[in-house]
Amino acid sequence: MSLFAEAFAWLFSPDRLEGGNALPTAIAVHLFYTFVSLLIAAVIAIPIGYLIGHTGKGRELAVGISGAARALPSFGLILLLVLVIGVTQKEGAAFTAFVLLGIPSVLAGAYSGLEAIDRRIIDAARAVGMTEWQILWKVEVPLGLPLLIGGLRSAALQIVATVTLAAYIGLGGLGQYIIAGLRLRQFDQMLGAAIVIIVLALIIDGLFALLQHVVVPKGVAAGRATDTRTRSSRSRAVA
Amino acid sequence: MTWVSNNLDLILELSIAHLRLAIAPILLGFVISLPLGWLAYRFKLTRGLLLTVAGLLFTIPSLALFVLLPPLLGISFLSEANVTIALTIYAVAIMTRSVSDALGSVDPAVRQSATAVGYSSWRRFWAVEFPLAGPVILAGLRVAAVSTISLVTVGILIGVQSLGYLFTNGFQRRIVPEIFAGVVMVVVIALVVDYLLVLLGRWLMPWTRQQKTVRPPLERVPLGPTASNTLGGAR
């Protein structure tokens, strides 16, 4: 357990605030890559996801893409793109990899958010004379928001993990301490950095979880609460 | 692509090592997540606790977990056990939730009927609930298997040989086909294992063969009142 003490000693040493690889800079770089990539992935994937969810066309394609993406090794994808696009443009190559890895989760979140809506609600919206555009913006988007945020949440975590690996190509961020530590056998530095990465991931996850709760429309939240209560009492009666 | 044809032996050898590394976490994850998933399904207290912990564990980036586990468990950083345990943790984190969801999806009426005809809770679990929960458990197992196979590659950073070797070696030597071969082989192994799991599921759960879950495209039928009713009901 003394390694943990050493890791915290490394973490809170004043040296961490100095030099080119200072810890705050690394955290900032890590967050910068994560959120810029997430933003680009969202801009690309949300409209496509909404199109699929609203029209119901191309659903198999979206399922296929999100399924196949899980099999794609992110570490290999980064290294491949860096070599193909060019080592001199490794930032661009890395961004491309992060965006590609983020897209499937956001896409799945966007279309499943729309797909999970009770068809009768959409029919009702159409029946009261809403245009397709109004149905999308006033009915489907608000109701699908929690699942969309869920998609963004898993994309963000996927990207945070991949940015860590990208330190291998010299991209900076928090992974650099682990990669350098492995070469130099500096376990205190590796563990200290791992702790920061884990805390960062947990905070991002927590913020998205909070957001997921907040965006549930008021009426839906009330309806959902009664729903769960009925269901749980039934299963209790059975068990 | 001459690199690939000159190094088929290496690719094959690494593929076998890769598959060997991936199998233990998938099997262990399945075995461990069954009782955990049951606990998460059965009791409200353990449900909140287990699903929260599973969610948090799944949040941890793989490289950080490889670094965190050795001092916690007293194993070597550069050991195969490190990779196996880390990937087992991810598999358990994925499958505990799906086992719990799967057991929850069993029709309560069926469960009551089993109790009524005299099944003990142990027998009822294995003879009724577990098989009926099978398709959803299988879905979780497939996700866990595919992501495990893909994550094994990260182990190369702590020196555990797998197809990930083609990534780092190919990067250092600037050989694009080498990395490409690695990526393709990982995806191929993942897809083959996924397909084998589907076949295994069809063999073990013959009743699922009929209801091939092709849902009707939602908007193909012009939505008259009757059509929309049927579609609403179908969901």
# chains A, B, ... in the order shown; residues from 1 in each chain; ligands from 1
>>> residues_around(residues="region 68-72 of chain A", least_positions_apart="2", cutoff="12 Å", atoms="only C-alpha atoms", output="mmCIF file with C-alpha atoms, in the first residue's frame")
data_model
loop_
_atom_site.group_PDB
_atom_site.id
_atom_site.type_symbol
_atom_site.label_atom_id
_atom_site.label_comp_id
_atom_site.auth_asym_id
_atom_site.auth_seq_id
_atom_site.Cartn_x
_atom_site.Cartn_y
_atom_site.Cartn_z
ATOM 1 C CA GLU A 60 -30.508 -1.512 -39.237
ATOM 2 C CA LEU A 61 -27.579 0.582 -40.445
ATOM 3 C CA ALA A 62 -27.371 2.491 -37.160
ATOM 4 C CA VAL A 63 -27.581 -0.722 -35.126
ATOM 5 C CA GLY A 64 -24.920 -2.287 -37.305
ATOM 6 C CA ILE A 65 -22.565 0.669 -36.994
ATOM 7 C CA SER A 66 -22.842 0.907 -33.221
ATOM 8 C CA SER A 74 -9.303 2.192 -30.401
ATOM 9 C CA PHE A 75 -5.552 2.021 -29.805
ATOM 10 C CA GLY A 76 -4.966 0.463 -33.206
ATOM 11 C CA LEU A 77 -7.256 2.987 -34.877
ATOM 12 C CA ILE A 78 -5.271 5.963 -33.535
ATOM 13 C CA LEU A 80 -3.284 3.598 -38.000
ATOM 14 C CA ALA A 97 -9.889 8.832 -34.335
ATOM 15 C CA LEU A 100 -14.909 8.243 -35.151
ATOM 16 C CA LEU A 101 -14.972 6.444 -31.795
ATOM 17 C CA GLY A 102 -17.474 8.892 -30.328
ATOM 18 C CA ILE A 103 -19.968 8.854 -33.219
ATOM 19 C CA PRO A 104 -21.551 5.371 -32.670
ATOM 20 C CA SER A 105 -22.613 6.065 -29.072
ATOM 21 C CA LEU A 107 -25.818 8.075 -32.960
ATOM 22 C CA ALA A 108 -27.315 5.253 -30.896
ATOM 23 C CA SER A 154 -20.745 6.903 -23.034
ATOM 24 C CA ALA A 155 -19.076 8.652 -25.969
ATOM 25 C CA GLN A 158 -14.881 6.269 -24.534
ATOM 26 C CA ARG B 142 -22.045 -10.772 -26.798
ATOM 27 C CA VAL B 143 -21.356 -7.136 -25.890
ATOM 28 C CA ALA B 144 -18.896 -8.229 -23.190
ATOM 29 C CA ALA B 145 -17.135 -10.677 -25.521
ATOM 30 C CA VAL B 146 -16.689 -8.179 -28.349
ATOM 31 C CA SER B 147 -15.435 -5.369 -26.113
ATOM 32 C CA THR B 148 -13.085 -7.739 -24.252
ATOM 33 C CA ILE B 149 -11.533 -8.904 -27.514
ATOM 34 C CA SER B 150 -11.015 -5.299 -28.554
ATOM 35 C CA LEU B 151 -9.606 -4.241 -25.160
ATOM 36 C CA VAL B 152 -7.009 -7.027 -25.007
ATOM 37 C CA THR B 153 -4.913 -4.943 -27.422
ATOM 38 C CA PHE B 180 -4.030 -2.473 -40.495
ATOM 39 C CA GLY B 182 -3.852 -6.002 -36.500
ATOM 40 C CA VAL B 183 -7.044 -3.924 -36.575
ATOM 41 C CA VAL B 184 -8.657 -6.224 -39.148
ATOM 42 C CA MET B 185 -7.738 -9.384 -37.234
ATOM 43 C CA VAL B 186 -9.161 -7.991 -33.976
ATOM 44 C CA VAL B 187 -12.434 -7.125 -35.714
ATOM 45 C CA VAL B 188 -12.537 -10.514 -37.456
ATOM 46 C CA ILE B 189 -11.954 -12.425 -34.197
ATOM 47 C CA ALA B 190 -14.612 -10.311 -32.471
ATOM 48 C CA LEU B 191 -17.162 -10.920 -35.225
ATOM 49 C CA VAL B 192 -16.438 -14.661 -35.373
ATOM 50 C CA VAL B 193 -16.781 -15.059 -31.602
ATOM 51 C CA ASP B 194 -19.955 -12.968 -31.707
#
>>> closest_atom_pairs(of="region 77-165 of chain B", to="region 164-175 of chain A", cutoff="12 Å", atoms="only C-alpha atoms", output="tab-separated table")
residue	atom	partner	partner_atom	distance
B:Leu151	CA	A:Leu165	CA	11.6
B:Thr153	CA	A:Leu165	CA	11.1
B:Val154	CA	A:Leu165	CA	8.1
B:Gly155	CA	A:Leu165	CA	11.1
B:Ile156	CA	A:Leu165	CA	11.3
B:Leu157	CA	A:Tyr168	CA	8.8
B:Ile158	CA	A:Leu165	CA	11.9
>>> write_last_selection(atoms="N, CA and C atoms", output="short mmCIF file (atom, residue, chain, number, x, y, z; two decimals), in the first residue's frame")
data_model
loop_
_atom_site.label_atom_id
_atom_site.label_comp_id
_atom_site.auth_asym_id
_atom_site.auth_seq_id
_atom_site.Cartn_x
_atom_site.Cartn_y
_atom_site.Cartn_z
N LEU B 151 -10.41 -4.85 -26.23
CA LEU B 151 -9.61 -4.24 -25.16
C LEU B 151 -8.30 -4.98 -24.89
N THR B 153 -6.03 -5.60 -26.72
CA THR B 153 -4.91 -4.94 -27.42
C THR B 153 -4.19 -3.94 -26.55
N VAL B 154 -4.93 -3.28 -25.62
CA VAL B 154 -4.29 -2.26 -24.78
C VAL B 154 -3.22 -2.89 -23.90
N GLY B 155 -3.34 -4.20 -23.63
CA GLY B 155 -2.37 -4.90 -22.80
C GLY B 155 -0.94 -4.81 -23.32
N ILE B 156 -0.79 -4.54 -24.62
CA ILE B 156 0.56 -4.47 -25.18
C ILE B 156 1.36 -3.34 -24.52
N LEU B 157 0.65 -2.30 -24.05
CA LEU B 157 1.35 -1.18 -23.41
C LEU B 157 2.02 -1.60 -22.12
N ILE B 158 1.49 -2.64 -21.46
CA ILE B 158 2.19 -3.14 -20.28
C ILE B 158 2.89 -4.46 -20.61
#
>>> closest_residue(among="A:Leu23, A:Ile122, A:Met190, A:Val99", to="Phe35 (chain A)", atoms="only C-alpha atoms")
A:Val99
>>> residues_around(residues="Val4 (chain B)", least_positions_apart="6", cutoff="12 Å", atoms="only C-alpha atoms", output="PyMOL selection string")
chain B and resi 10-12+166+170+175-182+184-185
>>> closest_atom_pairs(of="chain A", to="chain B", cutoff="9 Å", atoms="only C-alpha atoms", output="Markdown table")
| residue | atom | partner | partner_atom | distance |
| --- | --- | --- | --- | --- |
| A:Met1 | CA | B:Pro71 | CA | 6.6 |
| A:Ser2 | CA | B:Pro71 | CA | 8.8 |
| A:Leu3 | CA | B:Pro71 | CA | 6.8 |
| A:Phe4 | CA | B:Pro71 | CA | 7.7 |
| A:His54 | CA | B:Glu219 | CA | 8.9 |
| A:Thr55 | CA | B:Glu219 | CA | 6.6 |
| A:Gly56 | CA | B:Leu218 | CA | 5.5 |
| A:Lys57 | CA | B:Pro217 | CA | 7.1 |
| A:Arg59 | CA | B:Pro217 | CA | 8.2 |
| A:Gly67 | CA | B:Val143 | CA | 8.3 |
| A:Ala68 | CA | B:Val187 | CA | 8.0 |
| A:Arg70 | CA | B:Ser147 | CA | 5.8 |
| A:Ala71 | CA | B:Val187 | CA | 5.3 |
| A:Leu72 | CA | B:Val187 | CA | 5.9 |
| A:Pro73 | CA | B:Ser150 | CA | 4.8 |
| A:Ser74 | CA | B:Ser150 | CA | 7.9 |
| A:Phe75 | CA | B:Val154 | CA | 6.7 |
| A:Gly76 | CA | B:Phe167 | CA | 5.5 |
| A:Leu77 | CA | B:Val183 | CA | 7.1 |
| A:Leu79 | CA | B:Phe171 | CA | 6.3 |
| A:Leu80 | CA | B:Ile179 | CA | 5.9 |
| A:Val82 | CA | B:Phe171 | CA | 8.8 |
| A:Leu83 | CA | B:Val176 | CA | 6.4 |
| A:Val84 | CA | B:Val176 | CA | 7.0 |
| A:Asp118 | CA | B:Gly232 | CA | 7.2 |
| A:Arg119 | CA | B:Gly232 | CA | 5.5 |
| A:Arg120 | CA | B:Gly232 | CA | 6.2 |
| A:Asp123 | CA | B:Ser228 | CA | 7.4 |
| A:Ser154 | CA | B:Thr59 | CA | 8.6 |
| A:Leu157 | CA | B:Thr59 | CA | 6.5 |
| A:Gln158 | CA | B:Pro61 | CA | 7.9 |
| A:Val160 | CA | B:Pro61 | CA | 7.3 |
| A:Ala161 | CA | B:Pro61 | CA | 4.5 |
| A:Thr162 | CA | B:Pro61 | CA | 7.9 |
| A:Thr164 | CA | B:Leu63 | CA | 7.3 |
| A:Leu165 | CA | B:Leu63 | CA | 7.1 |
| A:Tyr168 | CA | B:Leu157 | CA | 8.8 |
| A:Ile169 | CA | B:Phe171 | CA | 8.9 |
| A:Gly175 | CA | B:Leu63 | CA | 8.1 |
| A:Ile178 | CA | B:Val67 | CA | 8.0 |
| A:Ile179 | CA | B:Leu157 | CA | 7.8 |
| A:Leu182 | CA | B:Ile158 | CA | 7.4 |
| A:Phe187 | CA | B:Val67 | CA | 8.4 |
| A:Met190 | CA | B:Val67 | CA | 6.7 |
| A:Leu191 | CA | B:Val67 | CA | 6.0 |
| A:Ala193 | CA | B:Ala64 | CA | 7.9 |
| A:Ala194 | CA | B:Ala64 | CA | 4.5 |
| A:Ile195 | CA | B:Ala64 | CA | 7.4 |
| A:Ile197 | CA | B:Ala64 | CA | 6.8 |
| A:Ile198 | CA | B:Ile60 | CA | 5.5 |
| A:Val199 | CA | B:Ile60 | CA | 8.6 |
| A:Ala201 | CA | B:Thr59 | CA | 6.3 |
| A:Leu202 | CA | B:Thr59 | CA | 6.5 |
| A:Asp205 | CA | B:Thr59 | CA | 7.2 |
| A:Arg234 | CA | B:Pro108 | CA | 8.3 |
| A:Ser235 | CA | B:Pro108 | CA | 6.9 |
| A:Val238 | CA | B:Pro108 | CA | 6.4 |
| A:Ala239 | CA | B:Arg42 | CA | 8.2 |
>>> write_last_selection(atoms="C-alpha atoms", output="short mmCIF file (atom, residue, chain, number, x, y, z; two decimals), in the first residue's frame")
data_model
loop_
_atom_site.label_atom_id
_atom_site.label_comp_id
_atom_site.auth_asym_id
_atom_site.auth_seq_id
_atom_site.Cartn_x
_atom_site.Cartn_y
_atom_site.Cartn_z
CA MET A 1 0.00 0.00 0.00
CA SER A 2 3.01 2.29 0.37
CA LEU A 3 2.92 2.74 -3.39
CA PHE A 4 -0.32 4.66 -2.92
CA HIS A 54 -37.85 10.23 -37.00
CA THR A 55 -38.25 8.43 -40.31
CA GLY A 56 -37.52 4.92 -39.04
CA LYS A 57 -35.36 4.40 -42.13
CA ARG A 59 -32.35 1.71 -38.41
CA GLY A 67 -22.38 -2.86 -32.91
CA ALA A 68 -19.37 -3.07 -35.21
CA ARG A 70 -17.41 -1.97 -30.32
CA ALA A 71 -15.12 -4.45 -32.04
CA LEU A 72 -12.83 -1.71 -33.35
CA PRO A 73 -9.66 -1.52 -31.20
CA SER A 74 -9.30 2.19 -30.40
CA PHE A 75 -5.55 2.02 -29.80
CA GLY A 76 -4.97 0.46 -33.21
CA LEU A 77 -7.26 2.99 -34.88
CA LEU A 79 -1.90 4.55 -34.59
CA LEU A 80 -3.28 3.60 -38.00
CA VAL A 82 -1.56 8.80 -37.48
CA LEU A 83 0.53 6.80 -39.93
CA VAL A 84 -1.98 7.17 -42.77
CA ASP A 118 -44.62 5.69 -27.51
CA ARG A 119 -45.96 5.78 -31.09
CA ARG A 120 -49.33 6.97 -29.83
CA ASP A 123 -49.73 10.00 -33.65
CA SER A 154 -20.74 6.90 -23.03
CA LEU A 157 -16.04 8.14 -21.45
CA GLN A 158 -14.88 6.27 -24.53
CA VAL A 160 -11.45 10.05 -22.27
CA ALA A 161 -10.08 6.50 -22.28
CA THR A 162 -8.80 6.81 -25.83
CA THR A 164 -5.23 8.39 -22.43
CA LEU A 165 -3.95 5.86 -24.96
CA TYR A 168 1.63 6.86 -26.88
CA ILE A 169 1.94 9.02 -30.00
CA GLY A 175 -1.71 9.29 -20.33
CA ILE A 178 1.76 6.44 -17.52
CA ILE A 179 3.52 5.88 -20.86
CA LEU A 182 6.30 2.52 -17.91
CA PHE A 187 5.40 3.45 -10.54
CA MET A 190 2.00 5.98 -13.13
CA LEU A 191 -0.29 5.37 -10.19
CA ALA A 193 -1.68 9.75 -13.04
CA ALA A 194 -4.02 6.75 -13.08
CA ILE A 195 -5.79 8.14 -10.01
CA ILE A 197 -7.57 9.88 -14.86
CA ILE A 198 -10.05 7.78 -12.89
CA VAL A 199 -11.26 10.79 -10.88
CA ALA A 201 -13.64 10.01 -15.74
CA LEU A 202 -15.87 9.66 -12.68
CA ASP A 205 -19.68 10.49 -15.80
CA ARG A 234 -45.91 -6.16 -8.71
CA SER A 235 -42.57 -7.89 -8.76
CA VAL A 238 -44.57 -12.26 -7.16
CA ALA A 239 -41.27 -12.85 -5.45
#
>>> select_by_dssp(residues="region 5-235 of chain B", states="alpha helix (DSSP H)", output="JSON, numbers by chain")
{"B": [5, 6, 8, 9, 10, 11, 12, 13, 14, 15, 16, 17, 18, 19, 20, 21, 22, 23, 24, 25, 26, 27, 28, 29, 30, 31, 32, 33, 34, 35, 36, 37, 38, 39, 40, 41, 42, 44, 45, 46, 47, 48, 49, 50, 51, 52, 53, 54, 55, 56, 57, 58, 59, 62, 63, 64, 65, 66, 67, 68, 69, 70, 71, 72, 73, 80, 81, 82, 83, 84, 85, 86, 87, 88, 89, 90, 91, 92, 93, 94, 95, 96, 97, 98, 99, 100, 101, 102, 103, 104, 108, 109, 110, 111, 112, 113, 114, 115, 116, 121, 122, 123, 124, 130, 131, 132, 133, 134, 135, 136, 137, 138, 139, 140, 141, 142, 143, 144, 145, 146, 147, 148, 149, 150, 151, 164, 165, 166, 167, 168, 169, 170, 171, 172, 176, 177, 178, 179, 180, 181, 182, 183, 184, 185, 186, 187, 188, 189, 190, 191, 192, 193, 194, 195, 196, 197, 198, 199, 200, 201, 202, 203, 204, 225, 226, 227, 228, 229, 230, 231, 232, 233, 234]}
>>> closest_residue(among="B:Ala116, B:Met205, B:Ile26, B:Ile16", to="Ile85 (chain B)", atoms="only C-alpha atoms")
B:Ile26
>>> residues_around(residues="Val53 (chain B)", least_positions_apart="4", cutoff="12 Å", atoms="only C-alpha atoms", output="compact mmCIF listing (two decimals) with C-alpha atoms, in the first residue's frame")
# COMPACT_ATOMS: atom_id res chain seq x y z
CA LEU A 202 -15.87 9.66 -12.68
CA LEU B 36 -24.20 -10.84 -8.90
CA ALA B 40 -29.01 -7.13 -8.24
CA THR B 46 -28.00 -4.94 -3.44
CA ARG B 47 -29.50 -3.74 -6.72
CA GLY B 48 -28.59 -0.11 -6.13
CA LEU B 49 -25.20 -1.02 -4.73
CA LEU B 57 -15.98 0.29 -12.66
CA PHE B 58 -16.95 0.48 -16.31
CA THR B 59 -16.12 4.20 -16.25
CA ILE B 60 -12.43 3.58 -15.48
CA ILE B 89 -13.83 -6.60 -14.12
CA TYR B 90 -15.14 -4.91 -17.29
CA VAL B 92 -18.59 -8.38 -14.93
CA ALA B 93 -19.53 -4.69 -15.02
CA ILE B 94 -21.30 -5.16 -18.37
CA THR B 96 -24.19 -7.91 -14.08
CA ARG B 97 -26.62 -5.31 -15.41
>>> atom_distance(atom1="CA of Leu38 (chain A)", atom2="CA of Val163 (chain A)")
11.7 Å
>>> residues_around(residues="Val106 (chain A)", least_positions_apart="6", cutoff="8 Å", atoms="only C-alpha atoms", output="list of chain:residue names")
A:Ala41, A:Ala42, A:Ala45, A:Ile46, A:Gly49, A:Leu148, A:Gly151, A:Leu152, A:Ala155
>>> write_last_selection(atoms="N, CA and C atoms", output="short mmCIF file (atom, residue, chain, number, x, y, z; two decimals), in the first residue's frame")
data_model
loop_
_atom_site.label_atom_id
_atom_site.label_comp_id
_atom_site.auth_asym_id
_atom_site.auth_seq_id
_atom_site.Cartn_x
_atom_site.Cartn_y
_atom_site.Cartn_z
N ALA A 41 -18.27 15.05 -32.85
CA ALA A 41 -19.03 13.81 -33.00
C ALA A 41 -20.53 14.09 -32.88
N ALA A 42 -20.89 14.98 -31.95
CA ALA A 42 -22.31 15.30 -31.73
C ALA A 42 -22.89 16.00 -32.94
N ALA A 45 -23.30 13.28 -35.58
CA ALA A 45 -24.14 12.11 -35.31
C ALA A 45 -25.58 12.45 -34.93
N ILE A 46 -25.79 13.58 -34.25
CA ILE A 46 -27.16 13.86 -33.78
C ILE A 46 -28.14 14.05 -34.94
N GLY A 49 -28.80 10.69 -36.42
CA GLY A 49 -29.57 9.88 -35.48
C GLY A 49 -31.03 10.30 -35.46
N LEU A 148 -30.38 10.66 -25.37
CA LEU A 148 -29.32 11.32 -26.14
C LEU A 148 -28.15 11.66 -25.22
N GLY A 151 -26.15 8.74 -24.53
CA GLY A 151 -25.23 8.44 -25.62
C GLY A 151 -23.99 9.31 -25.56
N LEU A 152 -24.20 10.61 -25.29
CA LEU A 152 -23.07 11.53 -25.17
C LEU A 152 -22.18 11.12 -24.00
N ALA A 155 -20.08 8.18 -25.01
CA ALA A 155 -19.08 8.65 -25.97
C ALA A 155 -17.96 9.40 -25.25
#
>>> atom_distance(atom1="CA of Glu115 (chain A)", atom2="CA of Thr131 (chain A)")
18.4 Å
